[in-house]
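**Q** The following file, target_0.json, comprises JSON, C-alpha atoms:
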[["chain", "number", "residue", "atom", "x", "y", "z"],
["A", 5, "MET", "CA", 9.16, -115.37, -49.03],
["A", 6, "ILE", "CA", 7.04, -115.34, -52.19],
["A", 7, "ALA", "CA", 4.41, -112.71, -52.98],
["A", 8, "CYS", "CA", 1.69, -112.52, -55.63],
["A", 9, "VAL", "CA", 1.19, -109.76, -58.18],
["A", 10, "HIS", "CA", -2.47, -109.69, -59.18],
["A", 11, "LEU", "CA", -2.74, -108.29, -62.70],
["A", 12, "LEU", "CA", -5.49, -105.86, -63.58],
["A", 13, "PRO", "CA", -8.17, -107.32, -65.87],
["A", 14, "LEU", "CA", -6.72, -108.39, -69.22],
["A", 15, "PRO", "CA", -8.15, -108.02, -72.77],
["A", 16, "GLY", "CA", -11.24, -110.17, -73.13],
["A", 17, "ALA", "CA", -12.21, -109.82, -69.46],
["A", 18, "PRO", "CA", -15.38, -107.78, -68.89],
["A", 19, "ARG", "CA", -13.57, -105.29, -66.62],
["A", 20, "PHE", "CA", -10.57, -104.65, -68.91],
["A", 21, "ALA", "CA", -10.03, -100.88, -68.98],
["A", 22, "GLY", "CA", -8.51, -100.84, -72.48],
["A", 23, "SER", "CA", -4.82, -100.25, -71.75],
["A", 24, "MET", "CA", -2.20, -102.97, -71.46],
["A", 25, "GLN", "CA", 0.29, -100.26, -70.49],
["A", 26, "THR", "CA", -1.76, -99.65, -67.34],
["A", 27, "VAL", "CA", -1.71, -103.39, -66.61],
["A", 28, "TYR", "CA", 2.10, -103.45, -67.03],
["A", 29, "ASP", "CA", 2.70, -100.29, -64.99],
["A", 30, "THR", "CA", 0.51, -101.44, -62.11],
["A", 31, "ALA", "CA", 2.18, -104.86, -62.00],
["A", 32, "LEU", "CA", 5.63, -103.25, -61.93],
["A", 33, "GLU", "CA", 4.56, -100.89, -59.14],
["A", 34, "GLU", "CA", 3.32, -103.85, -57.07],
["A", 35, "ALA", "CA", 6.56, -105.75, -57.75],
["A", 36, "ALA", "CA", 8.59, -102.74, -56.62],
["A", 37, "VAL", "CA", 6.71, -102.65, -53.30],
["A", 38, "PHE", "CA", 7.46, -106.34, -52.75],
["A", 39, "LYS", "CA", 11.13, -105.80, -53.62],
["A", 40, "ARG", "CA", 11.42, -103.00, -51.06],
["A", 41, "GLN", "CA", 9.90, -105.34, -48.48],
["A", 42, "GLY", "CA", 12.51, -108.03, -49.13],
["A", 43, "VAL", "CA", 10.37, -110.56, -50.99],
["A", 44, "ASP", "CA", 12.46, -113.31, -52.63],
["A", 45, "GLY", "CA", 10.18, -114.22, -55.52],
["A", 46, "LEU", "CA", 6.89, -113.40, -57.25],
["A", 47, "ILE", "CA", 3.91, -115.28, -58.59],
["A", 48, "VAL", "CA", 1.89, -113.43, -61.23],
["A", 49, "GLU", "CA", -1.78, -114.24, -61.74],
["A", 50, "ASN", "CA", -4.84, -112.79, -63.42],
["A", 51, "PHE", "CA", -7.10, -112.98, -60.37],
["A", 52, "ARG", "CA", -8.85, -109.73, -61.29],
["A", 53, "ASP", "CA", -10.21, -111.21, -64.56],
["A", 54, "LYS", "CA", -13.69, -111.61, -63.12],
["A", 55, "PRO", "CA", -15.95, -113.32, -63.90],
["A", 56, "PHE", "CA", -13.95, -116.51, -64.20],
["A", 57, "TYR", "CA", -14.61, -118.92, -67.05],
["A", 58, "PRO", "CA", -15.08, -122.40, -65.53],
["A", 59, "ASP", "CA", -15.38, -124.33, -68.80],
["A", 60, "ARG", "CA", -13.49, -122.53, -71.55],
["A", 61, "VAL", "CA", -11.24, -119.47, -71.66],
["A", 62, "PRO", "CA", -12.03, -117.12, -74.56],
["A", 63, "ALA", "CA", -9.26, -116.87, -77.18],
["A", 64, "LYS", "CA", -8.40, -113.22, -76.55],
["A", 65, "PRO", "CA", -6.95, -113.53, -73.01],
["A", 66, "SER", "CA", -5.03, -116.68, -73.85],
["A", 67, "ARG", "CA", -3.25, -114.94, -76.76],
["A", 68, "LEU", "CA", -1.40, -112.84, -74.16],
["A", 69, "TRP", "CA", 0.21, -115.88, -72.56],
["A", 70, "PRO", "CA", 3.83, -116.42, -73.51],
["A", 71, "ARG", "CA", 4.61, -119.40, -75.66]]
Rewrite the structure from the file as structure tokens, please.

**A**
Amino acid sequence: MIACVHLLPLPGAPRFAGSMQTVYDTALEEAAVFKRQGVDGLIVENFRDKPFYPDRVPAKPSRLWPR
């Protein structure tokens, strides 16, 4: 079974609260719940970065993506 961790809004998103540590901590808490429930794998997405940008993603959020 695969579950999805939905990250809190990231820098550059209108609803970003200002702390990447909060984003990390919340994601790890969600992952721990899935682990306790026997999930085999995780997908991580930034679904909470609303509004979505249909044409072009601003530079700030994309700088957080691993290279």

**Q** Mind giving me the straight-line distance from CA of Leu12 (chain A) to CA of Gly45 (chain A) in Å, one decimal?

**A**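 Taking CA of Leu12 (chain A) as the start and CA of Gly45 (chain A) as the end point, the length is 19.5 Å.
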
**Q** Which distance in Å separates CA of His10 (chain A) and CA of Val48 (chain A), to one decimal?

**A**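 Going from CA of His10 (chain A) over to CA of Val48 (chain A) covers 6.1 Å.
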
**Q** Calculated over all atoms listed in the file, which of the candidates A:Asp53, A:Glu33, A:Asp44, A:Asp59 has the smallest distance to Arg19 (chain A)?

**A**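 Among the listed residues, A:Asp53 lies closest to Arg19 (chain A).
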
**Q** For the atom pair CA of Ala36 (chain A) and CA of Met5 (chain A), what is the interatomic distance in Å to one decimal place?

**A**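 For CA of Ala36 (chain A) relative to CA of Met5 (chain A), the distance reads 14.7 Å.
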
**Q** How big is the axis-aligned box, and where does its centre sit, when it encloses all atoms of region 42-56 of chain A listed in the file and has 5 Å added on every side, reported in Å to one decimal as lines of an AutoDock Vina configuration file?

**A**
center_x = -1.7
center_y = -112.3
center_z = -56.8
size_x = 38.5
size_y = 18.5
size_z = 25.4

**Q** Could you give me region 26-61 of chain A completed to N, CA and C atoms, formatted as a PDB file, in the frame of the given file?

**A**
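Generated output (out.pdb):
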ATOM      1  N   THR A  26      -1.325 -99.797 -68.725  1.00  0.00           N
ATOM      2  CA  THR A  26      -1.760 -99.650 -67.340  1.00  0.00           C
ATOM      3  C   THR A  26      -1.589-100.959 -66.578  1.00  0.00           C
ATOM      4  N   VAL A  27      -1.900-102.073 -67.232  1.00  0.00           N
ATOM      5  CA  VAL A  27      -1.710-103.390 -66.610  1.00  0.00           C
ATOM      6  C   VAL A  27      -0.233-103.581 -66.271  1.00  0.00           C
ATOM      7  N   TYR A  28       0.653-103.294 -67.240  1.00  0.00           N
ATOM      8  CA  TYR A  28       2.100-103.450 -67.030  1.00  0.00           C
ATOM      9  C   TYR A  28       2.596-102.538 -65.909  1.00  0.00           C
ATOM     10  N   ASP A  29       2.209-101.269 -65.974  1.00  0.00           N
ATOM     11  CA  ASP A  29       2.700-100.290 -64.990  1.00  0.00           C
ATOM     12  C   ASP A  29       2.263-100.657 -63.574  1.00  0.00           C
ATOM     13  N   THR A  30       1.018-101.069 -63.426  1.00  0.00           N
ATOM     14  CA  THR A  30       0.510-101.440 -62.110  1.00  0.00           C
ATOM     15  C   THR A  30       1.230-102.672 -61.566  1.00  0.00           C
ATOM     16  N   ALA A  31       1.465-103.654 -62.421  1.00  0.00           N
ATOM     17  CA  ALA A  31       2.180-104.860 -62.000  1.00  0.00           C
ATOM     18  C   ALA A  31       3.601-104.518 -61.559  1.00  0.00           C
ATOM     19  N   LEU A  32       4.266-103.643 -62.299  1.00  0.00           N
ATOM     20  CA  LEU A  32       5.630-103.250 -61.930  1.00  0.00           C
ATOM     21  C   LEU A  32       5.660-102.454 -60.632  1.00  0.00           C
ATOM     22  N   GLU A  33       4.645-101.625 -60.400  1.00  0.00           N
ATOM     23  CA  GLU A  33       4.560-100.890 -59.140  1.00  0.00           C
ATOM     24  C   GLU A  33       4.389-101.852 -57.970  1.00  0.00           C
ATOM     25  N   GLU A  34       3.517-102.853 -58.131  1.00  0.00           N
ATOM     26  CA  GLU A  34       3.320-103.850 -57.070  1.00  0.00           C
ATOM     27  C   GLU A  34       4.616-104.625 -56.829  1.00  0.00           C
ATOM     28  N   ALA A  35       5.301-105.006 -57.891  1.00  0.00           N
ATOM     29  CA  ALA A  35       6.560-105.750 -57.750  1.00  0.00           C
ATOM     30  C   ALA A  35       7.605-104.911 -57.016  1.00  0.00           C
ATOM     31  N   ALA A  36       7.637-103.616 -57.286  1.00  0.00           N
ATOM     32  CA  ALA A  36       8.590-102.740 -56.620  1.00  0.00           C
ATOM     33  C   ALA A  36       8.324-102.664 -55.111  1.00  0.00           C
ATOM     34  N   VAL A  37       7.060-102.652 -54.726  1.00  0.00           N
ATOM     35  CA  VAL A  37       6.710-102.650 -53.300  1.00  0.00           C
ATOM     36  C   VAL A  37       7.233-103.931 -52.648  1.00  0.00           C
ATOM     37  N   PHE A  38       6.997-105.063 -53.300  1.00  0.00           N
ATOM     38  CA  PHE A  38       7.460-106.340 -52.750  1.00  0.00           C
ATOM     39  C   PHE A  38       8.987-106.379 -52.654  1.00  0.00           C
ATOM     40  N   LYS A  39       9.661-105.829 -53.645  1.00  0.00           N
ATOM     41  CA  LYS A  39      11.130-105.800 -53.620  1.00  0.00           C
ATOM     42  C   LYS A  39      11.634-104.997 -52.428  1.00  0.00           C
ATOM     43  N   ARG A  40      11.016-103.832 -52.204  1.00  0.00           N
ATOM     44  CA  ARG A  40      11.420-103.000 -51.060  1.00  0.00           C
ATOM     45  C   ARG A  40      11.194-103.715 -49.728  1.00  0.00           C
ATOM     46  N   GLN A  41      10.214-104.618 -49.702  1.00  0.00           N
ATOM     47  CA  GLN A  41       9.900-105.340 -48.480  1.00  0.00           C
ATOM     48  C   GLN A  41      10.717-106.619 -48.312  1.00  0.00           C
ATOM     49  N   GLY A  42      11.619-106.891 -49.263  1.00  0.00           N
ATOM     50  CA  GLY A  42      12.510-108.030 -49.130  1.00  0.00           C
ATOM     51  C   GLY A  42      11.959-109.354 -49.613  1.00  0.00           C
ATOM     52  N   VAL A  43      10.938-109.321 -50.450  1.00  0.00           N
ATOM     53  CA  VAL A  43      10.370-110.560 -50.990  1.00  0.00           C
ATOM     54  C   VAL A  43      11.388-111.227 -51.914  1.00  0.00           C
ATOM     55  N   ASP A  44      11.477-112.551 -51.843  1.00  0.00           N
ATOM     56  CA  ASP A  44      12.460-113.310 -52.630  1.00  0.00           C
ATOM     57  C   ASP A  44      11.989-113.686 -54.029  1.00  0.00           C
ATOM     58  N   GLY A  45      10.692-113.811 -54.213  1.00  0.00           N
ATOM     59  CA  GLY A  45      10.180-114.220 -55.520  1.00  0.00           C
ATOM     60  C   GLY A  45       8.735-113.788 -55.689  1.00  0.00           C
ATOM     61  N   LEU A  46       8.255-113.834 -56.932  1.00  0.00           N
ATOM     62  CA  LEU A  46       6.890-113.400 -57.250  1.00  0.00           C
ATOM     63  C   LEU A  46       6.143-114.483 -58.016  1.00  0.00           C
ATOM     64  N   ILE A  47       4.852-114.534 -57.773  1.00  0.00           N
ATOM     65  CA  ILE A  47       3.910-115.280 -58.590  1.00  0.00           C
ATOM     66  C   ILE A  47       3.037-114.224 -59.255  1.00  0.00           C
ATOM     67  N   VAL A  48       2.747-114.387 -60.521  1.00  0.00           N
ATOM     68  CA  VAL A  48       1.890-113.430 -61.230  1.00  0.00           C
ATOM     69  C   VAL A  48       0.632-114.174 -61.659  1.00  0.00           C
ATOM     70  N   GLU A  49      -0.528-113.594 -61.340  1.00  0.00           N
ATOM     71  CA  GLU A  49      -1.780-114.240 -61.740  1.00  0.00           C
ATOM     72  C   GLU A  49      -2.803-113.200 -62.172  1.00  0.00           C
ATOM     73  N   ASN A  50      -3.792-113.670 -62.884  1.00  0.00           N
ATOM     74  CA  ASN A  50      -4.840-112.790 -63.420  1.00  0.00           C
ATOM     75  C   ASN A  50      -6.114-112.889 -62.581  1.00  0.00           C
ATOM     76  N   PHE A  51      -5.975-112.816 -61.283  1.00  0.00           N
ATOM     77  CA  PHE A  51      -7.100-112.980 -60.370  1.00  0.00           C
ATOM     78  C   PHE A  51      -8.199-111.940 -60.596  1.00  0.00           C
ATOM     79  N   ARG A  52      -7.847-110.798 -61.108  1.00  0.00           N
ATOM     80  CA  ARG A  52      -8.850-109.730 -61.290  1.00  0.00           C
ATOM     81  C   ARG A  52      -9.666-109.885 -62.581  1.00  0.00           C
ATOM     82  N   ASP A  53      -9.426-110.950 -63.349  1.00  0.00           N
ATOM     83  CA  ASP A  53     -10.210-111.210 -64.560  1.00  0.00           C
ATOM     84  C   ASP A  53     -11.550-111.839 -64.183  1.00  0.00           C
ATOM     85  N   LYS A  54     -12.388-111.087 -63.534  1.00  0.00           N
ATOM     86  CA  LYS A  54     -13.690-111.610 -63.120  1.00  0.00           C
ATOM     87  C   LYS A  54     -14.730-111.210 -64.165  1.00  0.00           C
ATOM     88  N   PRO A  55     -15.708-112.003 -64.477  1.00  0.00           N
ATOM     89  CA  PRO A  55     -15.950-113.320 -63.900  1.00  0.00           C
ATOM     90  C   PRO A  55     -14.989-114.356 -64.476  1.00  0.00           C
ATOM     91  N   PHE A  56     -14.803-115.429 -63.739  1.00  0.00           N
ATOM     92  CA  PHE A  56     -13.950-116.510 -64.200  1.00  0.00           C
ATOM     93  C   PHE A  56     -14.725-117.379 -65.186  1.00  0.00           C
ATOM     94  N   TYR A  57     -14.003-118.052 -66.049  1.00  0.00           N
ATOM     95  CA  TYR A  57     -14.610-118.920 -67.050  1.00  0.00           C
ATOM     96  C   TYR A  57     -14.345-120.369 -66.649  1.00  0.00           C
ATOM     97  N   PRO A  58     -15.319-121.048 -66.050  1.00  0.00           N
ATOM     98  CA  PRO A  58     -15.080-122.400 -65.530  1.00  0.00           C
ATOM     99  C   PRO A  58     -14.877-123.463 -66.608  1.00  0.00           C
ATOM    100  N   ASP A  59     -15.432-123.276 -67.791  1.00  0.00           N
ATOM    101  CA  ASP A  59     -15.380-124.330 -68.800  1.00  0.00           C
ATOM    102  C   ASP A  59     -14.384-124.071 -69.917  1.00  0.00           C
ATOM    103  N   ARG A  60     -14.347-122.841 -70.413  1.00  0.00           N
ATOM    104  CA  ARG A  60     -13.490-122.530 -71.550  1.00  0.00           C
ATOM    105  C   ARG A  60     -13.058-121.073 -71.502  1.00  0.00           C
ATOM    106  N   VAL A  61     -11.768-120.836 -71.646  1.00  0.00           N
ATOM    107  CA  VAL A  61     -11.240-119.470 -71.660  1.00  0.00           C
ATOM    108  C   VAL A  61     -11.382-118.921 -73.073  1.00  0.00           C
TER     109      VAL A  61
END
